[in-house]
>>> print(open('work_6.pdb').read())   # PDB, C-alpha atoms, pLDDT in the B column
ATOM      1  CA  ILE X  27       9.914  -2.627 -29.635  1.00 64.00           C
ATOM      2  CA  MET X  28      13.263  -1.698 -28.088  1.00 77.00           C
ATOM      3  CA  THR X  29      14.014   2.020 -28.278  1.00 80.00           C
ATOM      4  CA  ALA X  30      17.031   3.763 -26.760  1.00 83.00           C
ATOM      5  CA  PHE X  31      14.713   5.046 -24.026  1.00 81.00           C
ATOM      6  CA  SER X  32      13.415   1.573 -23.187  1.00 87.00           C
ATOM      7  CA  LEU X  33      16.904   0.043 -23.349  1.00 91.00           C
ATOM      8  CA  SER X  34      18.257   2.613 -20.887  1.00 91.00           C
ATOM      9  CA  GLY X  35      15.340   1.897 -18.551  1.00 92.00           C
ATOM     10  CA  LEU X  36      15.986  -1.831 -18.762  1.00 94.00           C
ATOM     11  CA  LEU X  37      19.674  -1.322 -17.935  1.00 95.00           C
ATOM     12  CA  VAL X  38      18.806   0.882 -14.942  1.00 95.00           C
ATOM     13  CA  PHE X  39      16.329  -1.756 -13.753  1.00 96.00           C
ATOM     14  CA  PHE X  40      18.737  -4.701 -13.845  1.00 96.00           C
ATOM     15  CA  ILE X  41      21.881  -2.905 -12.682  1.00 96.00           C
ATOM     16  CA  SER X  42      20.143  -1.157  -9.758  1.00 96.00           C
ATOM     17  CA  LEU X  43      18.405  -4.318  -8.638  1.00 96.00           C
ATOM     18  CA  PHE X  44      21.600  -6.375  -8.948  1.00 96.00           C
ATOM     19  CA  PHE X  45      23.714  -3.986  -6.858  1.00 96.00           C
ATOM     20  CA  GLY X  46      20.990  -3.488  -4.261  1.00 96.00           C
ATOM     21  CA  ILE X  47      20.546  -7.214  -3.761  1.00 96.00           C
ATOM     22  CA  PHE X  48      24.306  -7.827  -3.866  1.00 96.00           C
ATOM     23  CA  VAL X  49      25.038  -5.242  -1.154  1.00 94.00           C
ATOM     24  CA  TYR X  50      22.186  -6.381   1.081  1.00 96.00           C
ATOM     25  CA  PHE X  51      23.025 -10.085   0.958  1.00 95.00           C
ATOM     26  CA  LYS X  52      26.742  -9.394   1.371  1.00 94.00           C
ATOM     27  CA  LYS X  53      25.974  -8.136   4.887  1.00 93.00           C
ATOM     28  CA  LYS X  54      22.395  -7.982   6.127  1.00 94.00           C
ATOM     29  CA  ASN X  55      21.919  -4.897   8.287  1.00 95.00           C
ATOM     30  CA  TRP X  56      19.664  -1.839   8.352  1.00 95.00           C
ATOM     31  CA  THR X  57      22.100   0.335   6.423  1.00 92.00           C
ATOM     32  CA  ASN X  58      22.296  -2.155   3.563  1.00 94.00           C
ATOM     33  CA  PHE X  59      18.534  -2.713   3.729  1.00 96.00           C
ATOM     34  CA  PHE X  60      17.954   0.971   3.018  1.00 96.00           C
ATOM     35  CA  TRP X  61      20.502   0.807   0.202  1.00 96.00           C
ATOM     36  CA  LEU X  62      18.407  -2.068  -1.173  1.00 97.00           C
ATOM     37  CA  LEU X  63      15.239   0.059  -0.875  1.00 97.00           C
ATOM     38  CA  PHE X  64      16.988   2.922  -2.674  1.00 97.00           C
ATOM     39  CA  SER X  65      18.063   0.481  -5.383  1.00 97.00           C
ATOM     40  CA  VAL X  66      14.500  -0.834  -5.704  1.00 97.00           C
ATOM     41  CA  SER X  67      13.317   2.780  -6.161  1.00 97.00           C
ATOM     42  CA  LEU X  68      15.837   3.227  -8.963  1.00 96.00           C
ATOM     43  CA  ALA X  69      14.797  -0.124 -10.434  1.00 97.00           C
ATOM     44  CA  THR X  70      11.117   0.907 -10.312  1.00 96.00           C
ATOM     45  CA  TRP X  71      11.975   4.033 -12.250  1.00 94.00           C
ATOM     46  CA  GLY X  72      13.980   1.967 -14.736  1.00 95.00           C
ATOM     47  CA  LEU X  73      11.192  -0.589 -15.113  1.00 95.00           C
ATOM     48  CA  GLY X  74       8.725   2.189 -15.816  1.00 92.00           C
ATOM     49  CA  ALA X  75      11.042   3.778 -18.382  1.00 89.00           C
ATOM     50  CA  TRP X  76      11.516   0.405 -20.070  1.00 93.00           C
ATOM     51  CA  LYS X  77       7.768  -0.173 -20.261  1.00 91.00           C
ATOM     52  CA  ILE X  78       7.031   3.413 -21.382  1.00 87.00           C
ATOM     53  CA  GLY X  79       9.575   3.061 -24.174  1.00 86.00           C
ATOM     54  CA  SER X  80       7.991  -0.228 -25.244  1.00 86.00           C
ATOM     55  CA  ILE X  81       4.392   0.995 -25.521  1.00 86.00           C
ATOM     56  CA  PRO X  82       3.191   1.349 -29.114  1.00 83.00           C
ATOM     57  CA  TYR X  83       1.509   4.470 -30.429  1.00 85.00           C
ATOM     58  CA  GLY X  84      -2.168   4.614 -29.529  1.00 79.00           C
ATOM     59  CA  GLU X  85      -1.815   3.034 -26.080  1.00 82.00           C
ATOM     60  CA  LYS X  86      -1.951   6.306 -24.141  1.00 78.00           C
ATOM     61  CA  LYS X  87      -3.860   4.845 -21.179  1.00 82.00           C
ATOM     62  CA  LEU X  88      -1.174   2.195 -20.701  1.00 84.00           C
ATOM     63  CA  ALA X  89       1.496   4.906 -20.886  1.00 83.00           C
ATOM     64  CA  PHE X  90      -0.273   6.873 -18.119  1.00 81.00           C
ATOM     65  CA  PHE X  91      -0.247   3.731 -15.958  1.00 85.00           C
ATOM     66  CA  TRP X  92       3.485   3.220 -16.398  1.00 86.00           C
ATOM     67  CA  TRP X  93       4.256   6.907 -15.803  1.00 84.00           C
ATOM     68  CA  HIS X  94       2.418   6.571 -12.478  1.00 84.00           C
ATOM     69  CA  ILE X  95       4.500   3.482 -11.618  1.00 88.00           C
ATOM     70  CA  THR X  96       7.666   5.338 -12.597  1.00 89.00           C
ATOM     71  CA  GLU X  97       6.761   8.215 -10.283  1.00 88.00           C
ATOM     72  CA  ILE X  98       6.571   5.798  -7.335  1.00 92.00           C
ATOM     73  CA  GLY X  99      10.266   5.130  -7.830  1.00 94.00           C
ATOM     74  CA  VAL X 100      11.086   8.807  -8.341  1.00 92.00           C
ATOM     75  CA  ILE X 101       9.209   9.895  -5.201  1.00 93.00           C
ATOM     76  CA  THR X 102      10.837   7.268  -2.966  1.00 96.00           C
ATOM     77  CA  MET X 103      14.427   7.643  -4.240  1.00 96.00           C
ATOM     78  CA  PRO X 104      15.464  10.629  -2.099  1.00 97.00           C
ATOM     79  CA  ILE X 105      13.695   9.263   0.988  1.00 97.00           C
ATOM     80  CA  PHE X 106      15.499   5.936   1.001  1.00 98.00           C
ATOM     81  CA  PHE X 107      18.797   7.542   0.037  1.00 97.00           C
ATOM     82  CA  LEU X 108      18.502   9.988   2.953  1.00 97.00           C
ATOM     83  CA  HIS X 109      17.670   7.150   5.335  1.00 96.00           C
ATOM     84  CA  PHE X 110      20.645   5.164   4.032  1.00 96.00           C
ATOM     85  CA  VAL X 111      22.983   8.156   4.520  1.00 94.00           C
ATOM     86  CA  HIS X 112      21.690   8.708   8.063  1.00 94.00           C
ATOM     87  CA  LEU X 113      22.312   5.089   9.002  1.00 95.00           C
ATOM     88  CA  TRP X 114      25.653   4.843   7.201  1.00 91.00           C
ATOM     89  CA  LEU X 115      26.998   7.995   8.855  1.00 90.00           C
ATOM     90  CA  GLY X 116      25.330   7.435  12.220  1.00 90.00           C
ATOM     91  CA  ILE X 117      23.360  10.696  12.083  1.00 90.00           C
ATOM     92  CA  LYS X 118      20.936  10.831  15.002  1.00 92.00           C
ATOM     93  CA  LYS X 119      18.720  13.729  13.835  1.00 91.00           C
ATOM     94  CA  LYS X 120      15.224  12.367  13.250  1.00 94.00           C
ATOM     95  CA  TRP X 121      13.465  15.462  11.881  1.00 95.00           C
ATOM     96  CA  PRO X 122      14.975  15.259   8.366  1.00 94.00           C
ATOM     97  CA  LEU X 123      13.755  11.670   8.075  1.00 95.00           C
ATOM     98  CA  PHE X 124      10.326  12.615   9.395  1.00 96.00           C
ATOM     99  CA  LEU X 125      10.013  15.439   6.845  1.00 96.00           C
ATOM    100  CA  ALA X 126      11.241  13.217   4.012  1.00 96.00           C
ATOM    101  CA  TYR X 127       8.741  10.474   4.836  1.00 97.00           C
ATOM    102  CA  ALA X 128       5.947  13.060   5.144  1.00 96.00           C
ATOM    103  CA  TYR X 129       6.899  14.311   1.660  1.00 94.00           C
ATOM    104  CA  GLY X 130       6.730  10.728   0.399  1.00 94.00           C
ATOM    105  CA  VAL X 131       3.350   9.945   1.941  1.00 94.00           C
ATOM    106  CA  PHE X 132       1.836  13.152   0.563  1.00 90.00           C
ATOM    107  CA  PHE X 133       3.094  12.784  -3.008  1.00 88.00           C
ATOM    108  CA  LEU X 134       2.589   9.020  -3.189  1.00 89.00           C
ATOM    109  CA  THR X 135      -1.009   9.652  -2.118  1.00 87.00           C
ATOM    110  CA  LEU X 136      -1.422  12.157  -4.964  1.00 81.00           C
ATOM    111  CA  ASP X 137       0.094   9.675  -7.399  1.00 81.00           C
ATOM    112  CA  PHE X 138      -2.167   6.834  -6.244  1.00 80.00           C
ATOM    113  CA  LEU X 139      -5.241   9.096  -6.370  1.00 78.00           C
ATOM    114  CA  GLY X 140      -4.324   9.956  -9.944  1.00 72.00           C
ATOM    115  CA  MET X 141      -4.123   6.247 -10.738  1.00 69.00           C
ATOM    116  CA  ALA X 142      -7.478   5.653  -9.061  1.00 65.00           C
ATOM    117  CA  ARG X 143      -9.116   8.326 -11.222  1.00 64.00           C
ATOM    118  CA  GLY X 144      -8.780   6.136 -14.274  1.00 58.00           C
ATOM    119  CA  LEU X 145      -5.152   6.763 -15.198  1.00 52.00           C
ATOM    120  CA  GLN X 146      -6.146   9.505 -17.617  1.00 52.00           C
ATOM    121  CA  GLU X 147      -4.917  12.320 -15.438  1.00 54.00           C
ATOM    122  CA  SER X 148      -2.636  13.164 -12.620  1.00 56.00           C
ATOM    123  CA  LEU X 149      -3.340  15.302  -9.607  1.00 54.00           C
ATOM    124  CA  PHE X 150       0.016  17.004  -9.699  1.00 58.00           C
ATOM    125  CA  PHE X 151       2.113  15.686 -12.571  1.00 60.00           C
ATOM    126  CA  PHE X 152       1.778  16.756 -16.163  1.00 59.00           C
ATOM    127  CA  PRO X 153      -1.790  16.566 -17.420  1.00 63.00           C
ATOM    128  CA  ASP X 154      -1.158  15.027 -20.822  1.00 73.00           C
ATOM    129  CA  LEU X 155       1.095  12.697 -22.765  1.00 75.00           C
ATOM    130  CA  VAL X 156       2.384  13.283 -26.274  1.00 73.00           C
ATOM    131  CA  TRP X 157       4.091  10.871 -28.667  1.00 77.00           C
ATOM    132  CA  ARG X 158       7.757  11.956 -28.922  1.00 77.00           C
ATOM    133  CA  PHE X 159      10.614  10.924 -31.206  1.00 80.00           C
ATOM    134  CA  ASN X 160       8.294   8.375 -32.773  1.00 76.00           C
ATOM    135  CA  SER X 161       9.138   6.077 -29.861  1.00 78.00           C
ATOM    136  CA  PHE X 162       7.404   6.854 -26.529  1.00 78.00           C
ATOM    137  CA  TYR X 163       4.768   8.892 -24.706  1.00 76.00           C
ATOM    138  CA  TYR X 164       6.235  11.832 -22.821  1.00 72.00           C
ATOM    139  CA  LYS X 165       4.626  13.902 -20.067  1.00 74.00           C
ATOM    140  CA  THR X 166       3.756  17.403 -21.157  1.00 73.00           C
ATOM    141  CA  GLY X 167       1.464  20.279 -20.364  1.00 64.00           C
ATOM    142  CA  LEU X 168       1.269  22.868 -17.658  1.00 59.00           C
ATOM    143  CA  ARG X 169       2.929  22.128 -14.350  1.00 66.00           C
ATOM    144  CA  SER X 170       1.067  22.663 -11.122  1.00 70.00           C
ATOM    145  CA  ILE X 171       2.071  24.262  -7.838  1.00 74.00           C
ATOM    146  CA  PRO X 172       2.137  20.837  -6.113  1.00 76.00           C
ATOM    147  CA  PHE X 173       4.483  19.601  -8.835  1.00 77.00           C
ATOM    148  CA  ASP X 174       6.820  22.560  -8.311  1.00 81.00           C
ATOM    149  CA  ILE X 175       6.832  21.892  -4.560  1.00 85.00           C
ATOM    150  CA  TYR X 176       7.471  18.198  -5.212  1.00 85.00           C
ATOM    151  CA  LEU X 177      10.396  18.979  -7.506  1.00 87.00           C
ATOM    152  CA  ILE X 178      11.965  21.468  -5.091  1.00 92.00           C
ATOM    153  CA  LEU X 179      11.641  19.065  -2.150  1.00 94.00           C
ATOM    154  CA  TRP X 180      13.063  16.215  -4.232  1.00 93.00           C
ATOM    155  CA  TRP X 181      16.205  18.297  -4.878  1.00 95.00           C
ATOM    156  CA  VAL X 182      16.376  19.534  -1.268  1.00 96.00           C
ATOM    157  CA  ILE X 183      16.270  15.997   0.165  1.00 96.00           C
ATOM    158  CA  PHE X 184      18.940  14.703  -2.221  1.00 94.00           C
ATOM    159  CA  SER X 185      21.102  17.806  -1.741  1.00 95.00           C
ATOM    160  CA  TYR X 186      20.872  17.512   2.036  1.00 96.00           C
ATOM    161  CA  SER X 187      21.874  13.830   1.814  1.00 94.00           C
ATOM    162  CA  PHE X 188      24.937  14.638  -0.281  1.00 91.00           C
ATOM    163  CA  TYR X 189      25.786  17.567   2.000  1.00 94.00           C
ATOM    164  CA  GLU X 190      25.791  15.263   5.040  1.00 92.00           C
ATOM    165  CA  ALA X 191      27.970  12.726   3.192  1.00 89.00           C
ATOM    166  CA  TRP X 192      30.401  15.480   2.116  1.00 91.00           C
ATOM    167  CA  ARG X 193      30.496  16.909   5.659  1.00 90.00           C
ATOM    168  CA  CYS X 194      31.354  13.477   7.056  1.00 85.00           C
ATOM    169  CA  TYR X 195      33.968  12.935   4.338  1.00 84.00           C
ATOM    170  CA  LYS X 196      35.747  16.182   5.274  1.00 84.00           C
ATOM    171  CA  LYS X 197      35.948  15.103   8.952  1.00 83.00           C
ATOM    172  CA  SER X 198      36.832  11.450   8.329  1.00 76.00           C
ATOM    173  CA  SER X 199      40.091   9.634   7.882  1.00 74.00           C
ATOM    174  CA  GLY X 200      41.231   6.129   7.016  1.00 75.00           C
ATOM    175  CA  ILE X 201      38.726   3.544   5.839  1.00 73.00           C
ATOM    176  CA  LYS X 202      35.693   5.741   6.574  1.00 70.00           C
ATOM    177  CA  LYS X 203      37.068   8.459   4.302  1.00 68.00           C
ATOM    178  CA  LEU X 204      37.833   5.893   1.617  1.00 68.00           C
ATOM    179  CA  GLN X 205      34.286   4.533   1.799  1.00 68.00           C
TER     180      GLN X 205
END
>>> encode(input="work_6.pdb", output="structure tokens")
Amino acid sequence: IMTAFSLSGLLVFFISLFFGIFVYFKKKNWTNFFWLLFSVSLATWGLGAWKIGSIPYGEKKLAFFWWHITEIGVITMPIFFLHFVHLWLGIKKKWPLFLAYAYGVFFLTLDFLGMARGLQESLFFFPDLVWRFNSFYYKTGLRSIPFDIYLILWWVIFSYSFYEAWRCYKKSSGIKKLQ
């Protein structure tokens, strides 16, 4: 079954993985390694979306499993992007990285504990799945306080990363500004 949702996930998976691998093997260094990790996070999210969109009705337990896998990619995206930005721009501040990795460890632990509890629930994501658009299981239900914190921190980490890139852009010239 190939739905629009699963097709978009498959495209994200292959394109992200291709560009991550391409950049890393073009020039192997720590900056490109963290770009590869960011790309793998995106690819994990895409893989999960592809699988979620391919699950037939009635396979709710399998859908929970793939939503948990998808969340691994979503949780790690801002962390690896922040680390990439720090290396790329030569930012020496360590505390933003420390806080981002602490966020990741905490929420990945919650995700893995949810998986360990039989995949039928989540400790902080949405508590149920419903069949939507006659094509895939979608997370629904009441959000939790940990989920709200997770979502806010996800946006803060990404926003801070883009802020640092914009700040560097405004001060740069030549090839660095073009990059």
>>> closest_atom_pairs(input="work_6.pdb", of="range 58-146 of chain X", to="range 47-50 of chain X", cutoff="8 Å", atoms="all atoms listed in the file", output="CSV")
residue,atom,partner,partner_atom,distance
X:Asn58,CA,X:Tyr50,CA,4.9
X:Phe59,CA,X:Tyr50,CA,5.8
X:Trp61,CA,X:Tyr50,CA,7.4
X:Leu62,CA,X:Ile47,CA,6.1
>>> closest_residue(input="work_6.pdb", among="X:Val156, X:Phe124, X:Phe110, X:Met103", to="Ala89 in chain X", atoms="all atoms listed in the file")
X:Val156
>>> atom_distance(input="work_6.pdb", atom1="CA of Gly99 in chain X", atom2="CA of Trp71 in chain X")
4.9 Å
>>> residues_around(input="work_6.pdb", residues="Phe107 in chain X", least_positions_apart="3", cutoff="10 Å", atoms="all atoms listed in the file", output="ChimeraX atom specification")
/X:60-65,67,102-104,110-113,183-184,187-188
>>> resolve_selection(input="work_6.pdb", expression="the PyMOL selection byres ((chain X and resi 163) around 8)", output="NGL selection string")
:X and (78-79 or 81 or 83 or 86 or 89 or 155-158 or 161-162 or 164-165)
>>> write_last_selection(input="work_6.pdb", atoms="C-alpha atoms", output="short mmCIF file (atom, residue, chain, number, x, y, z; two decimals), keeping the file's coordinate frame")
data_model
loop_
_atom_site.label_atom_id
_atom_site.label_comp_id
_atom_site.auth_asym_id
_atom_site.auth_seq_id
_atom_site.Cartn_x
_atom_site.Cartn_y
_atom_site.Cartn_z
CA ILE X 78 7.03 3.41 -21.38
CA GLY X 79 9.57 3.06 -24.17
CA ILE X 81 4.39 1.00 -25.52
CA TYR X 83 1.51 4.47 -30.43
CA LYS X 86 -1.95 6.31 -24.14
CA ALA X 89 1.50 4.91 -20.89
CA LEU X 155 1.10 12.70 -22.76
CA VAL X 156 2.38 13.28 -26.27
CA TRP X 157 4.09 10.87 -28.67
CA ARG X 158 7.76 11.96 -28.92
CA SER X 161 9.14 6.08 -29.86
CA PHE X 162 7.40 6.85 -26.53
CA TYR X 164 6.24 11.83 -22.82
CA LYS X 165 4.63 13.90 -20.07
#
>>> axis_aligned_box(input="work_6.pdb", around="range 87-96 of chain X", padding_each_side="3 Å", output="AutoDock Vina command-line options")
--center_x 1.9 --center_y 4.6 --center_z -16.4 --size_x 17.5 --size_y 10.7 --size_z 15.6
>>> closest_residue(input="work_6.pdb", among="X:Thr135, X:Thr57, X:Thr29, X:Ser185", to="Leu115 in chain X", atoms="only C-alpha atoms")
X:Thr57
>>> atom_distance(input="work_6.pdb", atom1="CA of Ala30 in chain X", atom2="CA of Gly74 in chain X")
13.8 Å
>>> resolve_selection(input="work_6.pdb", expression="the PyMOL selection byres ((chain X and resi 36) around 9)", output="PyMOL selection string")
chain X and resi 31-35+37-41+69+72-77
>>> closest_residue(input="work_6.pdb", among="X:Ser199, X:Met28, X:Leu134, X:Ile178", to="Pro82 in chain X", atoms="only C-alpha atoms")
X:Met28
>>> closest_residue(input="work_6.pdb", among="X:Asp154, X:Glu190, X:Ser198, X:Thr70", to="Lys118 in chain X", atoms="all atoms listed in the file")
X:Glu190
>>> atom_distance(input="work_6.pdb", atom1="CA of Val182 in chain X", atom2="CA of Leu125 in chain X")
11.1 Å
>>> residues_around(input="work_6.pdb", residues="Tyr186 in chain X", least_positions_apart="5", cutoff="9 Å", atoms="only C-alpha atoms", output="PyMOL selection string")
chain X and resi 108+122+181+191
>>> closest_residue(input="work_6.pdb", among="X:Pro172, X:Gly130, X:Gly140, X:Gly116", to="Ile95 in chain X", atoms="only C-alpha atoms")
X:Gly140
>>> resolve_selection(input="work_6.pdb", expression="the PyMOL selection byres ((chain X and resi 94) around 9)", output="PDB file with C-alpha atoms, in the coordinates of the input")
ATOM      1  CA  GLY X  74       8.725   2.189 -15.816  1.00 92.00           C
ATOM      2  CA  ALA X  89       1.496   4.906 -20.886  1.00 83.00           C
ATOM      3  CA  PHE X  90      -0.273   6.873 -18.119  1.00 81.00           C
ATOM      4  CA  PHE X  91      -0.247   3.731 -15.958  1.00 85.00           C
ATOM      5  CA  TRP X  92       3.485   3.220 -16.398  1.00 86.00           C
ATOM      6  CA  TRP X  93       4.256   6.907 -15.803  1.00 84.00           C
ATOM      7  CA  ILE X  95       4.500   3.482 -11.618  1.00 88.00           C
ATOM      8  CA  THR X  96       7.666   5.338 -12.597  1.00 89.00           C
ATOM      9  CA  GLU X  97       6.761   8.215 -10.283  1.00 88.00           C
ATOM     10  CA  ILE X  98       6.571   5.798  -7.335  1.00 92.00           C
ATOM     11  CA  ASP X 137       0.094   9.675  -7.399  1.00 81.00           C
ATOM     12  CA  PHE X 138      -2.167   6.834  -6.244  1.00 80.00           C
ATOM     13  CA  GLY X 140      -4.324   9.956  -9.944  1.00 72.00           C
ATOM     14  CA  MET X 141      -4.123   6.247 -10.738  1.00 69.00           C
ATOM     15  CA  LEU X 145      -5.152   6.763 -15.198  1.00 52.00           C
ATOM     16  CA  SER X 148      -2.636  13.164 -12.620  1.00 56.00           C
TER      17      SER X 148
END
>>> closest_residue(input="work_6.pdb", among="X:Leu177, X:Ile201, X:Val100, X:Leu139", to="Val66 in chain X", atoms="only C-alpha atoms")
X:Val100
